[in-house]
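J.: So that you have it, the file is upload-v5.txt, and it contains compact mmCIF, C-alpha atoms:
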# COMPACT_ATOMS: atom_id res chain seq x y z
CA MET U 1 -51.87 33.99 30.31
CA VAL U 2 -50.21 32.10 33.18
CA GLU U 3 -50.19 28.90 31.13
CA TRP U 4 -48.39 30.63 28.26
CA LEU U 5 -45.82 32.05 30.66
CA LEU U 6 -45.20 28.61 32.17
CA LEU U 7 -44.93 27.06 28.71
CA ALA U 8 -42.41 29.72 27.65
CA LEU U 9 -40.42 29.14 30.86
CA VAL U 10 -40.35 25.37 30.27
CA ILE U 11 -39.20 25.89 26.66
CA VAL U 12 -36.41 28.25 27.74
CA VAL U 13 -35.22 25.79 30.41
CA LEU U 14 -35.26 22.94 27.90
CA LEU U 15 -33.30 25.01 25.38
CA LEU U 16 -30.67 25.85 28.00
CA LEU U 17 -30.31 22.18 28.99
CA PHE U 18 -30.13 21.14 25.34
CA THR U 19 -27.44 23.76 24.62
CA ARG U 20 -25.36 22.52 27.55
CA GLU U 21 -25.63 18.90 26.40
CA VAL U 22 -24.64 19.89 22.87
CA ARG U 23 -21.47 21.48 24.26
CA VAL U 24 -20.68 18.36 26.26
CA VAL U 25 -21.10 16.19 23.16
CA GLN U 26 -18.91 18.58 21.14
CA GLY U 27 -16.22 18.23 23.81
CA GLN U 28 -16.50 14.44 23.70
CA ALA U 29 -16.22 14.49 19.91
CA GLU U 30 -13.08 16.61 20.09
CA ARG U 31 -11.55 14.28 22.69
CA ALA U 32 -12.29 11.30 20.43
CA ALA U 33 -10.70 13.08 17.45
CA VAL U 34 -7.57 13.89 19.49
CA LYS U 35 -7.27 10.28 20.66
CA ALA U 36 -7.74 9.03 17.09
CA THR U 37 -5.01 11.31 15.76
CA LEU U 38 -2.62 10.33 18.56
CA GLY U 39 -3.37 6.68 17.84
CA ALA U 40 -2.66 7.15 14.13
CA LEU U 41 0.64 8.91 14.89
CA ARG U 42 1.70 6.21 17.35
CA THR U 43 0.83 3.47 14.89
CA ALA U 44 2.76 5.26 12.13
CA LEU U 45 5.85 5.49 14.36
CA VAL U 46 5.74 1.77 15.18
CA LEU U 47 5.17 0.76 11.55
CA ASP U 48 8.02 2.99 10.43
CA HIS U 49 10.31 1.38 13.00
CA LEU U 50 9.31 -2.12 11.88
CA GLN U 51 9.76 -1.27 8.20
CA ARG U 52 13.23 0.10 8.88
CA GLN U 53 14.14 -2.97 10.94
CA VAL U 54 13.08 -5.33 8.17
CA ALA U 55 14.55 -3.28 5.32
CA ARG U 56 17.94 -2.51 6.83
CA GLY U 57 18.29 -4.58 9.96
CA LYS U 58 19.18 -1.39 11.88
CA SER U 59 17.54 0.44 14.74
CA SER U 60 15.82 3.78 14.23
CA VAL U 61 18.09 5.80 16.51
CA ALA U 62 18.44 8.51 13.86
CA LEU U 63 14.69 9.09 13.81
CA THR U 64 14.48 11.14 17.00
CA GLN U 65 14.07 14.32 14.92
CA HIS U 66 11.42 12.76 12.66
CA ASN U 67 8.06 14.45 12.14
CA PRO U 68 5.44 11.70 12.64
CA PHE U 69 2.88 13.58 10.52
CA LYS U 70 5.08 12.89 7.49
CA LEU U 71 4.62 9.16 8.08
CA LEU U 72 0.85 9.35 7.61
CA GLN U 73 -0.64 8.61 4.21
CA ARG U 74 -2.96 11.57 4.67
CA ARG U 75 -2.18 14.34 7.09
CA PRO U 76 -5.05 15.70 9.17
CA LEU U 77 -6.71 18.73 7.61
CA ASN U 78 -6.00 20.66 10.80
CA TYR U 79 -2.23 19.99 10.72
CA ARG U 80 -0.47 23.37 10.51
CA GLY U 81 3.09 22.18 9.91
CA GLU U 82 6.30 22.64 11.84
CA ARG U 83 6.19 25.49 14.33
CA SER U 84 7.96 26.50 17.49
CA ALA U 85 6.07 26.44 20.78
CA ALA U 86 5.51 30.20 20.61
CA GLN U 87 4.22 30.02 17.03
CA ALA U 88 2.00 27.08 17.93
CA LEU U 89 0.06 29.19 20.43
CA ALA U 90 -0.93 31.48 17.55
CA ALA U 91 -2.37 28.55 15.58
CA PRO U 92 -6.15 28.45 15.28
CA PRO U 93 -8.06 26.28 17.76
CA GLY U 94 -8.20 22.64 16.75
CA SER U 95 -4.75 22.68 15.14
CA TRP U 96 -1.99 20.09 15.29
CA VAL U 97 1.65 21.22 15.05
CA PHE U 98 5.10 19.67 15.21
CA ASP U 99 7.91 21.45 17.07
CA PRO U 100 11.23 20.20 15.66
CA LEU U 101 13.26 21.81 18.48
CA CYS U 102 11.76 19.68 21.23
CA THR U 103 10.53 16.90 18.88
CA CYS U 104 7.02 17.41 20.17
CA VAL U 105 3.56 17.13 18.71
CA GLY U 106 1.17 19.79 19.95
CA TYR U 107 -2.58 20.29 19.86
CA VAL U 108 -4.52 23.51 20.43
CA PRO U 109 -7.99 22.64 21.80
CA ILE U 110 -11.14 24.00 20.18
CA TYR U 111 -13.13 23.80 23.41
CA ALA U 112 -10.56 24.88 25.96
CA GLN U 113 -13.09 24.73 28.81
CA TRP U 114 -12.86 20.91 28.70
CA PHE U 115 -9.03 20.82 28.57
CA ASP U 116 -7.10 20.66 31.84
CA SER U 117 -3.34 21.03 32.21
CA PRO U 118 -1.66 20.85 35.64
CA SER U 119 0.75 23.64 34.68
CA GLY U 120 -1.93 25.80 33.08
CA GLU U 121 -0.57 25.15 29.57
CA LEU U 122 -3.00 26.22 26.84
CA MET U 123 -2.24 23.26 24.59
CA ALA U 124 -1.34 19.60 24.86
CA TRP U 125 2.25 18.57 24.06
CA TYR U 126 3.46 15.04 23.35
CA GLN U 127 7.21 14.35 23.33
CA ILE U 128 8.67 11.84 20.89
CA THR U 129 10.82 9.38 22.86
CA GLY U 130 11.92 5.78 22.71
CA ALA U 131 15.12 5.53 20.67
CA PRO U 132 16.69 3.01 20.00
CA GLY U 133 13.38 1.12 19.95
CA PRO U 134 10.16 2.23 18.30
CA LEU U 135 9.48 5.90 18.87
CA GLN U 136 6.56 6.81 21.11
CA LEU U 137 4.44 9.87 21.88
CA VAL U 138 4.45 10.56 25.61
CA ALA U 139 2.36 13.31 27.16
CA LYS U 140 4.51 16.00 28.79
CA GLU U 141 1.93 16.32 31.58
CA ALA U 142 -1.09 14.46 32.87
CA TYR U 143 -3.63 16.25 30.69
CA GLY U 144 -7.31 15.93 31.47
CA TRP U 145 -10.34 16.24 29.24
CA GLN U 146 -13.81 16.26 30.75
CA GLY U 147 -12.46 14.46 33.79
CA GLU U 148 -10.62 11.76 31.82
CA VAL U 149 -6.88 11.41 31.20
CA LEU U 150 -5.81 12.49 27.73
CA ASN U 151 -2.59 10.68 26.97
Please go through the file and, once you have read it, give me the structure as structure tokens.

T.:
Amino acid sequence: MVEWLLLALVIVVLLLLFTREVRVVQGQAERAAVKATLGALRTALVLDHLQRQVARGKSSVALTQHNPFKLLQRRPLNYRGERSAAQALAAPPGSWVFDPLCTCVGYVPIYAQWFDSPSGELMAWYQITGAPGPLQLVAKEAYGWQGEVLN
């Protein structure tokens, strides 16, 4: 009987450790997806700037109100459209939004326990800056994700 109890205890401990590791890997996968989307948006902004420079010979100063998601060939499935900051908080976890008032891209984390914001913000915001040169996405704060910087 003691052997069965020890075996059951070992199995329970292993299941708990496995569950924790699964959560860590899920957090890492979400961080990778966020970085990939930010990279795609940044690349789209630079390519748009270069295309406009070549086509017209002008700078992209007028693009400061531009939604970078519209530059992508395929928008992410979790893109929820243009929303204000207050509306963005009501978006489901894992959603990307664009706030045209502040020209910001926002992300609502799925696994909020891995997301760290110095101000206690519940989502990550990236401001579009850089006119008259190529537009850039700059993190509004020094966001952290599982101990790494998420910019």

J.: I'd like the interatomic distance between atom CA of Val22 of chain U and atom CA of Ile110 of chain U, to a tenth of an Å.

T.: 14.4 Å

J.: What is the atom CA of Arg83 of chain U to atom CA of Pro109 of chain U distance in Å?

T.: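 Spanning atom CA of Arg83 of chain U to atom CA of Pro109 of chain U is a straight-line distance of 16.3 Å.
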
J.: Please determine, counting all atoms listed in the file, which residue among U:Pro100, U:Leu47, U:Thr37, U:Met1 has the shortest atom-to-atom distance to Asn67 of chain U.

T.: U:Pro100

J.: Go through segment 119-147 of chain U and flag each residue having an atom no more than 10 Å from segment 68-82 of chain U; for those, report the closest pair of atoms plus their distance in Å to one decimal, using only C-alpha atoms, ordered by chain and rising number, as a tab-separated table.

T.:
residue	atom	partner	partner_atom	distance
U:Ile128	CA	U:Pro68	CA	8.9
U:Leu135	CA	U:Pro68	CA	9.4
U:Gln136	CA	U:Pro68	CA	9.8
U:Leu137	CA	U:Pro68	CA	9.5

J.: Between atom CA of Leu15 of chain U and atom CA of Ala29 of chain U, what is the distance in Å, rounded to a tenth?

T.: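 The value is 20.8 Å.
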
J.: List the spatial neighbours of Asn151 of chain U as an MDAnalysis selection string - criterion: any atom at most 8 Å away, only C-alpha atoms, same-chain residues fewer than 3 positions off excluded.

T.: chainID U and resid 35 138:139 142:143

J.: Nearest residue to Leu150 of chain U out of U:Ala86, U:Ala33, U:Val24, U:Leu17, using only C-alpha atoms?

T.: U:Ala33

J.: Rank U:Tyr126, U:Tyr107, U:Trp4, U:Trp114 by their smallest atom-to-atom distance to Glu141 of chain U, using all atoms listed in the file, and report the top residue only.

T.: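 Smallest distance to Glu141 of chain U is found for U:Tyr126.
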
J.: Quick one: everything within 10 Å of Trp145 of chain U, counting only C-alpha atoms, minus sequence neighbours fewer than 6 positions away in the same chain. Send it as a PyMOL selection string.

T.: chain U and resi 27-28+30-31+111-117+151
